[in-house]
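A quick write-up on the structure given underneath.
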Amino acid sequence: MTDAAADNMPPGAGRAAPAVETPWRRFMADFCANRLALFGLVLVIVVAAAALLAPWLAPQNPYDIAKLDIFDSKMPPGSASSDGTLTYWLGTDGQARDMLSAMMYGMRVSLLVGAVSVVVALAIGTVVGLTAAFFGGRVDAFLMRCVDIQLSFPAILVALILLAVLGQGVDKVLYALIAVQWAYFARAARAAALVEREKEYVEAARCLALPRRRILWRHLLPNCLPPLIVIATVEVAHAIALEATLSFLGLGVPVTEPSLGKLIANGFEFLMAGKYWIALFPGLALAMALIGINLVGDHLRDILNPRNAR
Amino acid sequence: AQELKVGLSTEPSSLDPQYHNLSPNNQIALHLFEALVAQDPAQNLQPALAVSWKAIDDTTWEFKLREGVTFHDGSPFTAEDVVFTIDRAAKVPNAPSPFTQFTKQIVGIDVVDPMTVRLRTAAPAPLLPVDMTGIRIMSKKAASGPAPEGKTTEQLNRGEGLVGTGPFKFVEWSRGNQLVLERNDAYWGPKPAWKKVIFRPLPNAATRVAGLLSGDVDFIENPPTVDLPKLASNERVTLARALSNRVIYIHLDQFAEPTPGIPDTNGKNPLKDKNVRHALSLALDRTAIVQRIMEGFAVPAADLLPSPMFGTRKDTPVEKVDVARAKKLLADAGYPNGFSITLGTPNGRYINDAKVAETIAALWTRAGVKTQIEASAPPVFFKNRDEHKYSAYLAGWGATTGEMSDPLRALVATPNRERGMGGTNKGRYSNPAVDAKLVEAMRTVDDEKRRTLLQEASKLAMDDYGILPLHFEVSVWAMKKGLTYTGRADQYTLAYLVAPAQ
Amino acid sequence: MSDAASPTLELADLKTHFFTRDGVVRSVDGVDLQVGAGEVLGLVGESGSGKSVTGFSILGLIDPPGRIVGGQVLYRGEDLVQASSARLRALRGRNIAMVFQDPMMTLNPVLRVDTQMIEAIRAHEAVDDATARRRAVAALTQVGIPSPEARLRSYPHQFSGGMRQRVAIAIALLNKPDLIIADEPTTALDVTIQGQILFEMRKLCQETGTALIWITHDLAVVAGLADRIAVMYAGRVVEHGATAEILERPRHPYTHGLIGSVPTRGHRGQALFQIPGMAPSPLRLPQGCAFQPRCTRAVAACAAMPDLQEIAPAHQARCWNPVP
Amino acid sequence: MEGSGSVEPRRPAWPDPLMASPIVDLTGITKRFTQRVDLAGRIANVFGAGLHETVVQAVSDIDLAIGEGEVVGLVGESGCGKSTLGRMVAGILEPSDGAIRYRGVALEAMTSAQKRAWALGVQMIFQDPFASLNPRLRVGETIGEAPVVHGLVDKGQAADYVAELMRRVGLDPAYARRYPHQFSGGQRQRIGIARALAVKPAFLVCDEATAALDVSIQAQVLNLFMELRQSLGLTYLFVSHNLAVVEHLSDRVAIMYLGRIVEIAPTEALFDAPNHPYTQALLSEVPKLEARRRAYRPIEGELPSPIDPPPGCAFHPRCPHAGARCRTERPALRAIAPGRLSACHLNDG
Amino acid sequence: MLVFIIRRLMQAVVVMVVMSALVFGGIYLVGNPVTMLISDQASEAERLAVIRDLGLDQPVWQQYLTFVGKAVVGEFGKSFRAGEPAMQLIFQHMPATIELALVAMLLAVLVGVPLGMYAGLRPDSLRARGIMTVSILGFSLPTFWVGLMLIMLFAVALPEWIPGWPRLPSSGRGPTVDILGLKLSIFTAQGWLHLLLPAATLALAKGALIIRLTRAATREVLPMDYVKFARAKGLSERRIVGVHVLKNIAIPIATVTGLELGQVIAFAVVTETIFSWPGMGKLLIDSILLLDRPVVVAYLVVIVFFLVMLNLVVDILYSVLDPRVRLEAQGR
Ligand SMILES: Nc1ncnc2c1ncn2[C@@H]1O[C@H](COP(=O)(O)OP(=O)(O)OP(=O)(O)O)[C@@H](O)[C@H]1O
Ligand SMILES: Nc1ncnc2c1ncn2[C@@H]1O[C@H](COP(=O)(O)OP(=O)(O)OP(=O)(O)O)[C@@H](O)[C@H]1O
Ligand SMILES: [Mg+2]
Ligand SMILES: [Mg+2]
């Protein structure tokens, strides 16, 4: 039995292959191995690009009310505007906004709300969770009771109540979403930190008399991040969906700067009237974004899961 | 025709006919109870439990009651029931919107004989018969109880003591789910066509329409305007419509200086200038709003009440949109570059309110007044409005009494709490001439004189652009083919008026 | 019992490979072994040398992406590689039993011990519950668990590590198998507990004539237990012979080095013998003799794979240049 | 029930020549892990739940002095408190009771400079070669971090310093930019050693430092330890349950049982003639290459729980020689021969 | 166990106090409920009378203290809008929500667990991949949009396109039957028809979650030594999957199902809005929009209590399913 493929390994050489394999490269290689996840990533990139570049790509600025011509409202897809300057490829809504533009701008709001709320919640939650785990004792008990209380309440209710109190507005939605999410991250961060804290490399760092802060941020934090990143990706999707839901219920963003959720809510009225495009297209866009993010998150979970780590 | 299923946009908050003065409650109460005086679809007064009424002197009204009417429980209807009911209105605790507003002028009730009552008032009360349309007579026998008010609201909600003379009897109510009524076969008037009526709350407009299309319900109120073109062309569906007494208007802050929401005029309030108000009115393309946003189910307004109603004028042309002139007026007023303004609007209180506001914003912006809208949930909007946080806001007013004094008093009279004037005049428009005519009218029992006074008062206010009427809502009902309904100005959905088509 | 001439189990050129994303892992790449009734075979090798995979291959318990790609597993002359899955299942636990390394993990934590024992009996025999229970009690007594009736109703977590391993062994013994494959059953245990278990296992095999394959990476453990030792390296048996032969006269340089690198009495403070380098990745095995890159005695011939040759009576080694 | 701890001499009766200046000196070291009852628990107790604190006495009343350059082996079954003791010596855990002296200075009396000297002077080598390295740091950073933070080397020279250390433990300095996952277990253990050496320690606590390694790799690491001891004059506390390894490396061996040292003696003496019945049993238990086909009665029973240790001599339930006294009175750790201490009533004759 | 219950109850009390205070202050800030309740025609005197009647003239902290004082003896005030005790309103609406949530969860479990196990047992099969892709859709799509599309499809489009296709009711609850004083619709065929779409909407997301959870749990359990050991004992595959694997994955599934039930009840707010389902969630939304504070606060109190009880039940269930867990010892 001959092994043609097997090549000799120099004695003492590290197991793995070419040059320096950074965790990042390893991660990318793992990531790209799954086609579904790549597809998800492409979806996310397309959606994000459409959102980010909306001011340059969108045929119309749907937030500029002076530009809206009421006589162009509720045009089916493919109609030309009454002044003949542009074609509404996806139709217009009840306010004569070009659906395509409105969706791109709406996606901006949705993504912004999702991303910003998650980033802030992640930051808050991580600090709280790590602090609780690292210091333990009363600090831990207090912080975790707060988290428990927050988590004993379904997100949508907290957000509903908060928004009812705060009123409408993108910023208010952000506050509500952050308030809803930080606790997840705090708990996850604490759980991860408790596991990591017991690992011997932390003990080694303490043995080397490294300053606490350094241990916390340089040793603990980076190793607690993977599960948090997984949660964060999925939470972005959650946040976007939650914002859409809140807007749908009439408690989210203001009507003049509709997010995708608000667009769908607007379209809901038109559904029975046969003006399907007003609810359908933003819904599809939202679904695309969420599916993309979830696909990516799903796969991230697989490859960042320490159980699956090789 | 056995059963009629009706989809309501708003469920009654209570079945107590004297708890909450609110359309959804009143329209249900009208099935079970009757008032002394009724209103026809155009809100003209009609005899009901009273066959006739007349003013005996300036402060006394006499009502002759209908003979041979029995309550659902078989007991006869008499003057005692009227006394009991009018008394009870003031005793219902925690009433969020009490019925005393209809009875507060009454200082005494005299039972002349079992079929005659006299209501005495402190001051001349020309509108007392109108007020009496809001007081639905309960059975003294059935609704008495240990509590001061007799049967409590809670008991009535359960159906205890819920005994009237109306065309339907109560069967069951499961809040949020359905209210079931059955025909009162002993009803004195025309018998309803339906043995049983089921009201289902379907607050979501789209679901309501879906319910109708899927046959879940036979009849719905307030189908969303967007669906109307499609429903109108659907041969399985019939529409009924009626011009309502509700005007949608824009109020402009004509008091505060500086006024919130206009940041760029160095503290000056441009809205105090009639030219500016005129310009804003000229910029409004009311026809476009009615056509595109309201799908044609509204009527452009030039006054606060639609024309044939009491106190309205015949010759009130709707302001034609004229952007050029608006710009010129603005320039004349010293704002050649316009200014910025925030327009407040509730979101979900009136038909398409926020959408209309958005359109207005676009229209004004084109005329040079850069407009932002601030749409809020109704409670927030009303709070802000009451705290004078808007320099301009969109709202609506339904004249339940169906005559002109009602909107004038509420919307354009100089605010005065004690006299109950200008309660909803949050733009704080004040015109002594209007006030004078109005006060005069309200003291006048003679209908013709009063009508003229009211016409004059409203003309003064309209010509001054003290308030900008937009349109009158058209109420719409949709039903499956084979039913008919006469639309009502008071927007009530009354199952006993639904009839199978011949 | 069967006649001594035909071994209970014989592996002939067994090959089990894992087809992973990174390539083919030749975990077991041509293993020949046999074990007879009442005999104890020690299977020794460093981590990753393929001991466990060999054990699992015998019972057909290789999970995808792994597959037996060649060779034979002859149980009393029957090739289990070709056997149907029903046949394999009938053999498992009844004729060939297995004990695993981690006593914490081998018993299902949510099932009571009696459930797990009785199901093992009833999977092979239609006996009533009472009989099965009696046999379970007997098996527990056999492995030295005090008050077995009461302990039967316990959950695994209520046992200590040593006790749990005894329960696992009792389960293996339930159906009186001909062969037990024990995959490092004492590695996770303390020395004192390991001592108890080794002692009992040997007693049991002697009493029942059961053949035993004892997998371990610790030569010292099999020194006192096994009749014969097979040393594995990179998926192949590199040396095989009677225990005393192997320990006293190791002929393969790897075995030789392995024995040299174990600290022993009387050499305190002296440098241990050191095999240079480390075990090759099973993904990239060197050509020819897998040990050649680390071997001090490597010669040109080592570029080709040597066969397992008889070097002395009942002593085989896979080497071109064995230690004299 | 109470042990005779109070009458027991605090210092070993027999002065060890090596002990002239112990580098680390432990007296009466005890470590308890306490699980408290929280508010809810206290309320529950009002209703008669009867909850109380659980105390794990992981390490009890240990006296141990380790001389400069000495290698002390610490042996015992799993859970007997070896790691806990090692971590207290390394300063990662604080003892609940007792005093630690480093180079003659008691912990409480230390200046902050002395504290740092102790913190850096005693380093640990860990068991798990996978968990003991931060997977997100390059090997060079892992090794070079502490000396830079503590100002032992300049940032600029760190790379050279790291290269030097890597060579010292037998790693190719070219691998400094790699991540831990790219190394084998033995190599990782070398990285761990280099990391410890980077702060120029005098004392290494090796907690099962070779337990996770294959025999052939273990030999390499053991050789490295011995080589470092020679070249750097290091002192070791070598924690292990592998008697053969301990015997190979240590000058003195301490046997622990349930949080206490039951016997401590120079290696040769201990292995030639174990005194304590537990030591005897342990030694007979160890499989040896030389021993073929042993026939012996293994030690009965298992290690009791440290939450609820048996009274008297903790070993008496498993001890073949246990008498009535063993069940009630805890034997003191006493000198039985020069340099040898044992805690057994049998020695009293 | 006792400690556990006490801990939960303490937590519940804290949540209730925090939430009710927040809501009290919050609604006070938002607006005056009277503006929504009272008719525009009412005079100022009437307005003031209403405000006094409802106790809204007092400073908010005093209102809160009054509320707490009464709440302690179980009085949560009357709904501003309906004039009925808030609790009574909530209990009237509760059966509808619970019924919907239970049916949805049941549907999710009945569909999710088998599919999840299949996907876990054969992770590489085409069907498993299909299941997983669909499940991603399931929990990606926002509930309200799914609800809309279902209405669109089953109540409007399909019956229009395909003659004879049954039109599913898209709103309301259908006829109810009184069972032990509860009005339930699951005992009539019409009731089931009405339940179908809203329950499916809710079940889709939860079913997807359960599929993924079951799959993950199965995949985690399968490589365990005890599964291999069970094989080595010669057990049949059916017994291994049906007993050894199922019993182990039942632990996380039961736990999550229990906790998700709380989420379903909370999320019913959305579904109920779309389908005009007369449950608690709709009551809440309406009450929030109308600033009907007593109802909002009472709802929260009920929900907190419910969730805490649910958690407790889940924990107890957990300890029943997993013999390793002793509740006292748990630090949670
Ligand atoms: N499921 C699997 N997928 C891929 N490779 C595998 C799998 N199982 C085992 N291997 C590989 O097969 C080789 C042999 O593994 P095996 O478990 O038999 O080693 P071992 O000698 O038992 O080692 P240890 O002493 O660590 O138990 C290893 O290199 C391992 O990586
Ligand atoms: N942080 C802790 N909290 C509670 N108990 C602890 C803690 N750390 C250790 N223990 C307990 O202290 C005892 C001694 O533990 P230690 O880790 O020192 O034992 P060990 O001898 O090192 O065992 P092993 O050989 O398994 O490593 C054990 O019973 C352990 O359960
Ligand atoms: Mg193995
Ligand atoms: Mg340890």
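By order of appearance in the structure tokens: chains A, B, ..., then residues from 1 within every chain, and ligands from 1 in the order shown.
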
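Around ligand 2, the neighbouring residues within 8 Å, taking only C-alpha atoms and all ligand atoms, come to Arg32, Phe33, Thr34, Gln35, Val56, Gln57, Ala58, Val59, Gly76, Glu77, Ser78, Gly79, Cys80, Gly81, Lys82, Ser83, Thr84, Leu85, Gly86, Asp207, Glu208, Ser240, His241, Leu258, Gly259, Ser305, Pro306 and Ile307 of chain D.
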
Taking the DSSP assignment computed from this structure's backbone, write out as a PyMOL selection string all residues of range 137-188 of chain C that belong to strand (DSSP E or B). chain C and resi 179-183

Export N, CA, C and O atoms of the chosen residues as an mmCIF file, in the first residue's frame?
data_model
loop_
_atom_site.group_PDB
_atom_site.id
_atom_site.type_symbol
_atom_site.label_atom_id
_atom_site.label_comp_id
_atom_site.auth_asym_id
_atom_site.auth_seq_id
_atom_site.Cartn_x
_atom_site.Cartn_y
_atom_site.Cartn_z
ATOM 1 N N LEU C 179 -15.770 -12.012 23.746
ATOM 2 C CA LEU C 179 -14.674 -11.056 23.577
ATOM 3 C C LEU C 179 -15.100 -9.723 24.160
ATOM 4 O O LEU C 179 -16.224 -9.263 23.925
ATOM 5 N N ILE C 180 -14.211 -9.120 24.905
ATOM 6 C CA ILE C 180 -14.469 -7.771 25.389
ATOM 7 C C ILE C 180 -13.383 -6.857 24.840
ATOM 8 O O ILE C 180 -12.198 -7.191 24.905
ATOM 9 N N ILE C 181 -13.807 -5.776 24.280
ATOM 10 C CA ILE C 181 -12.830 -4.764 23.835
ATOM 11 C C ILE C 181 -12.891 -3.632 24.843
ATOM 12 O O ILE C 181 -13.930 -2.991 25.019
ATOM 13 N N ALA C 182 -11.804 -3.406 25.530
ATOM 14 C CA ALA C 182 -11.778 -2.374 26.568
ATOM 15 C C ALA C 182 -10.890 -1.235 26.084
ATOM 16 O O ALA C 182 -9.684 -1.408 25.938
ATOM 17 N N ASP C 183 -11.523 -0.098 25.811
ATOM 18 C CA ASP C 183 -10.772 1.029 25.237
ATOM 19 C C ASP C 183 -10.376 1.989 26.357
ATOM 20 O O ASP C 183 -11.156 2.827 26.766
#

Extract, using only C-alpha atoms, all DNA, RNA and protein residues at most 8 Å from range 177-190 of chain B, discarding same-chain residues fewer than 3 positions from it, and format them as a ChimeraX atom specification. /B:68-70,72,165-174,194-201 /E:172-174,277-278

Around ligand 3, which protein and nucleic acid residues have at least one atom no more than 10 Å from it, if we count only C-alpha atoms and all ligand atoms? List them as a compact mmCIF listing (two decimals) with all heavy atoms, in the first residue's frame.
# COMPACT_ATOMS: atom_id res chain seq x y z
N GLY C 45 -0.29 2.17 22.04
CA GLY C 45 0.19 3.13 21.05
C GLY C 45 -0.08 4.52 21.55
O GLY C 45 -0.88 4.73 22.48
N GLU C 46 0.57 5.46 20.92
CA GLU C 46 0.36 6.83 21.35
C GLU C 46 -0.96 7.34 20.83
O GLU C 46 -1.61 6.73 19.99
CB GLU C 46 1.52 7.70 20.86
CG GLU C 46 2.79 7.44 21.65
CD GLU C 46 3.88 8.40 21.26
OE1 GLU C 46 4.63 8.10 20.31
OE2 GLU C 46 3.96 9.47 21.89
N SER C 47 -1.31 8.49 21.33
CA SER C 47 -2.58 9.09 20.94
C SER C 47 -2.64 9.26 19.42
O SER C 47 -1.68 9.68 18.79
CB SER C 47 -2.69 10.46 21.60
OG SER C 47 -3.98 10.95 21.48
N GLY C 48 -3.75 8.88 18.86
CA GLY C 48 -3.94 9.05 17.43
C GLY C 48 -3.36 7.94 16.60
O GLY C 48 -3.40 7.99 15.37
N SER C 49 -2.85 6.89 17.24
CA SER C 49 -2.24 5.84 16.45
C SER C 49 -3.28 4.89 15.86
O SER C 49 -2.94 4.02 15.08
CB SER C 49 -1.23 5.08 17.30
OG SER C 49 -1.87 4.59 18.46
N GLY C 50 -4.53 5.03 16.25
CA GLY C 50 -5.56 4.22 15.62
C GLY C 50 -6.09 3.10 16.47
O GLY C 50 -6.80 2.22 15.99
N LYS C 51 -5.81 3.12 17.74
CA LYS C 51 -6.24 2.04 18.62
C LYS C 51 -7.76 1.99 18.72
O LYS C 51 -8.38 0.94 18.51
CB LYS C 51 -5.66 2.24 20.03
CG LYS C 51 -4.16 2.48 20.06
CD LYS C 51 -3.65 2.63 21.47
CE LYS C 51 -4.17 3.88 22.19
NZ LYS C 51 -3.65 5.13 21.68
N SER C 52 -8.33 3.13 19.03
CA SER C 52 -9.79 3.14 19.21
C SER C 52 -10.49 2.80 17.92
O SER C 52 -11.47 2.04 17.91
CB SER C 52 -10.26 4.51 19.69
OG SER C 52 -9.65 4.84 20.90
N VAL C 53 -10.01 3.35 16.83
CA VAL C 53 -10.66 3.08 15.55
C VAL C 53 -10.60 1.60 15.25
O VAL C 53 -11.56 1.01 14.75
CB VAL C 53 -10.01 3.93 14.43
CG1 VAL C 53 -10.57 3.54 13.08
CG2 VAL C 53 -10.23 5.40 14.71
N THR C 54 -9.50 0.98 15.59
CA THR C 54 -9.42 -0.47 15.41
C THR C 54 -10.51 -1.15 16.22
O THR C 54 -11.24 -2.02 15.72
CB THR C 54 -8.04 -0.98 15.89
OG1 THR C 54 -7.03 -0.25 15.21
CG2 THR C 54 -7.88 -2.46 15.63
N GLY C 55 -10.64 -0.75 17.47
CA GLY C 55 -11.65 -1.33 18.34
C GLY C 55 -13.05 -1.16 17.78
O GLY C 55 -13.83 -2.12 17.70
N PHE C 56 -13.34 0.06 17.35
CA PHE C 56 -14.69 0.32 16.83
C PHE C 56 -14.92 -0.41 15.51
O PHE C 56 -16.04 -0.83 15.21
CB PHE C 56 -14.91 1.82 16.64
CG PHE C 56 -15.06 2.56 17.94
CD1 PHE C 56 -14.30 3.68 18.22
CD2 PHE C 56 -15.97 2.13 18.88
CE1 PHE C 56 -14.45 4.35 19.43
CE2 PHE C 56 -16.13 2.80 20.08
CZ PHE C 56 -15.36 3.92 20.36
N PHE C 100 -15.79 1.59 27.32
CA PHE C 100 -15.17 2.81 26.80
C PHE C 100 -14.32 3.50 27.85
O PHE C 100 -14.35 3.18 29.03
CB PHE C 100 -16.23 3.80 26.33
CG PHE C 100 -16.98 3.35 25.12
CD1 PHE C 100 -16.85 2.07 24.63
CD2 PHE C 100 -17.83 4.22 24.46
CE1 PHE C 100 -17.55 1.66 23.52
CE2 PHE C 100 -18.53 3.82 23.36
CZ PHE C 100 -18.40 2.54 22.88
N GLN C 101 -13.62 4.51 27.35
CA GLN C 101 -12.67 5.21 28.20
C GLN C 101 -13.33 6.02 29.32
O GLN C 101 -13.02 5.86 30.48
CB GLN C 101 -11.82 6.15 27.35
CG GLN C 101 -11.04 7.15 28.19
CD GLN C 101 -10.02 7.89 27.39
OE1 GLN C 101 -9.82 7.63 26.21
NE2 GLN C 101 -9.32 8.81 28.02
N ASP C 183 -11.52 -0.10 25.81
CA ASP C 183 -10.77 1.03 25.24
C ASP C 183 -10.38 1.99 26.36
O ASP C 183 -11.16 2.83 26.77
CB ASP C 183 -11.65 1.73 24.20
CG ASP C 183 -10.87 2.79 23.43
OD1 ASP C 183 -9.68 3.00 23.75
OD2 ASP C 183 -11.46 3.40 22.52
N GLU C 184 -9.19 1.82 26.84
CA GLU C 184 -8.64 2.66 27.91
C GLU C 184 -9.62 2.85 29.07
O GLU C 184 -9.88 3.97 29.49
CB GLU C 184 -8.27 4.05 27.37
CG GLU C 184 -7.50 3.97 26.08
CD GLU C 184 -6.59 5.16 25.90
OE1 GLU C 184 -6.19 5.76 26.91
OE2 GLU C 184 -6.26 5.48 24.74
N ILE C 215 -7.07 -1.82 25.28
CA ILE C 215 -6.43 -0.72 24.56
C ILE C 215 -5.91 0.29 25.56
O ILE C 215 -6.62 0.68 26.50
CB ILE C 215 -7.45 -0.06 23.62
CG1 ILE C 215 -7.92 -1.06 22.56
CG2 ILE C 215 -6.86 1.18 22.98
CD1 ILE C 215 -9.02 -0.55 21.67
N THR C 216 -4.69 0.69 25.41
CA THR C 216 -4.14 1.69 26.34
C THR C 216 -2.94 2.36 25.70
O THR C 216 -2.37 1.88 24.73
CB THR C 216 -3.72 1.03 27.66
OG1 THR C 216 -3.20 2.03 28.52
CG2 THR C 216 -2.66 -0.03 27.44
N HIS C 217 -2.58 3.53 26.24
CA HIS C 217 -1.33 4.12 25.76
C HIS C 217 -0.23 3.92 26.79
O HIS C 217 0.88 4.38 26.62
CB HIS C 217 -1.54 5.61 25.45
CG HIS C 217 -1.96 6.41 26.64
ND1 HIS C 217 -3.23 6.90 26.76
CD2 HIS C 217 -1.29 6.77 27.76
CE1 HIS C 217 -3.34 7.56 27.92
NE2 HIS C 217 -2.17 7.48 28.53

Do me a favour and pick out the residues of chain D within 7 Å of chain C, using only C-alpha atoms, as a PyMOL selection string. chain D and resi 77-78+214-216+219-220+223+244-245+247-249+282+285-289+291-294+298-299

Only residues of chain A matter here; which ones have an atom within 7 Å of chain B, counting only C-alpha atoms? Give them as a PyMOL selection string. chain A and resi 65-66+68+70-71+95+168+254-255+268-270+272-273

Contacts of Arg246 in chain B within 6 Å, only C-alpha atoms, excl. fewer than 5 positions in-chain, as a PyMOL selection string: chain B and resi 397-398+472-473

Counting only C-alpha atoms, which residues from chain E have an atom at most 7 Å from any atom of chain A, and could you show them as a short mmCIF file (atom, residue, chain, number, x, y, z; two decimals) with N, CA and C atoms, in the first residue's frame?
data_model
loop_
_atom_site.label_atom_id
_atom_site.label_comp_id
_atom_site.auth_asym_id
_atom_site.auth_seq_id
_atom_site.Cartn_x
_atom_site.Cartn_y
_atom_site.Cartn_z
N GLN E 11 -38.28 37.66 42.43
CA GLN E 11 -37.99 38.27 41.14
C GLN E 11 -39.27 38.84 40.52
N VAL E 15 -39.98 42.65 39.38
CA VAL E 15 -40.36 43.00 38.01
C VAL E 15 -41.68 43.75 38.00
N GLY E 26 -44.58 56.43 32.73
CA GLY E 26 -44.52 56.56 31.28
C GLY E 26 -45.82 57.07 30.71
N ILE E 27 -46.89 56.43 31.10
CA ILE E 27 -48.17 56.82 30.52
C ILE E 27 -48.54 58.23 30.97
N LEU E 29 -46.47 60.54 31.32
CA LEU E 29 -45.72 61.44 30.45
C LEU E 29 -46.33 61.51 29.05
N VAL E 30 -46.85 60.40 28.59
CA VAL E 30 -47.29 60.35 27.20
C VAL E 30 -48.44 61.30 26.95
N ILE E 136 -34.91 28.27 8.14
CA ILE E 136 -34.31 29.61 8.14
C ILE E 136 -35.35 30.63 7.69
N LEU E 137 -36.05 30.25 6.65
CA LEU E 137 -37.13 31.13 6.20
C LEU E 137 -38.11 31.36 7.35
N SER E 140 -36.83 33.72 9.82
CA SER E 140 -36.39 35.01 9.30
C SER E 140 -37.55 35.94 9.02
N LEU E 141 -38.61 35.35 8.48
CA LEU E 141 -39.72 36.19 8.06
C LEU E 141 -40.44 36.74 9.28
N PRO E 142 -40.66 38.03 9.32
CA PRO E 142 -41.36 38.59 10.46
C PRO E 142 -42.81 38.10 10.50
N PHE E 144 -45.61 39.34 11.27
CA PHE E 144 -46.73 40.11 10.75
C PHE E 144 -46.82 39.98 9.24
N TRP E 145 -45.68 39.89 8.63
CA TRP E 145 -45.64 39.74 7.18
C TRP E 145 -46.14 38.36 6.77
N GLN E 263 -43.02 33.59 25.20
CA GLN E 263 -42.76 34.49 24.08
C GLN E 263 -43.94 34.50 23.11
N ALA E 266 -46.56 36.64 24.37
CA ALA E 266 -46.22 38.05 24.19
C ALA E 266 -46.34 38.44 22.72
N PHE E 267 -45.88 37.55 21.86
CA PHE E 267 -45.88 37.90 20.44
C PHE E 267 -47.26 37.82 19.82
N ILE E 288 -52.88 50.51 25.22
CA ILE E 288 -51.72 51.41 25.11
C ILE E 288 -52.11 52.62 24.26
#

I want to know what sits within 10 Å of Leu232 in chain D, based on only C-alpha atoms, with residues of the same chain fewer than 3 positions away left out; could you give that as an MDAnalysis selection string? chainID D and resid 69 197 200:202 226:229 235

Based on only C-alpha atoms, which of the residues in chain C come within 9 Å of chain A? I want them as JSON, numbers by chain. {"C": [29, 30, 276, 277, 278, 280, 281, 283, 284, 285, 286, 287, 288, 293, 294, 304, 305]}

Report the distance between CA of Ala205 in chain E and CA of Ile253 in chain E in Å, rounded to one decimal place.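 Going from CA of Ala205 in chain E over to CA of Ile253 in chain E, I get 15.1 Å.
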
Within 7 Å of chain E: residues of chain B, using only C-alpha atoms, as a PyMOL selection string: chain B and resi 13-14+21-22+94-97+101+153-154+176-177+202-204+207+210-211+214+216+379-380+382-383+417+420

Sel. of helix (DSSP H, G or I) residues, range 40-278 of chain E, as a ChimeraX atom specification: /E:44-53,60-72,86-121,126-140,143-161,189-221,225-232,237-275

Surrounding residues of Asp322 in chain B excluding itself and chain neighbours under 5 positions, 9 Å, only C-alpha atoms, as a PyMOL selection string: chain B and resi 279+282-285+327

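Near Thr103 in chain B, within 10 Å and counting only C-alpha atoms, sit B:Ile86, B:Asp87, B:Ala89, B:Ala90, B:Pro98, B:Leu119, B:Thr121, B:Leu128, B:Asp131, B:Met132, B:Gly134, B:Ile135; same-chain residues fewer than 5 positions away were not included.
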
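Taking CA of Thr218 in chain E as the reference point, CA of Ala250 in chain E is found at 9.8 Å.
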
Record the distance separating CA of Thr271 in chain E and CA of Gly252 in chain A, expressed in Å with one decimal.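 Separation between CA of Thr271 in chain E and CA of Gly252 in chain A: 17.1 Å.
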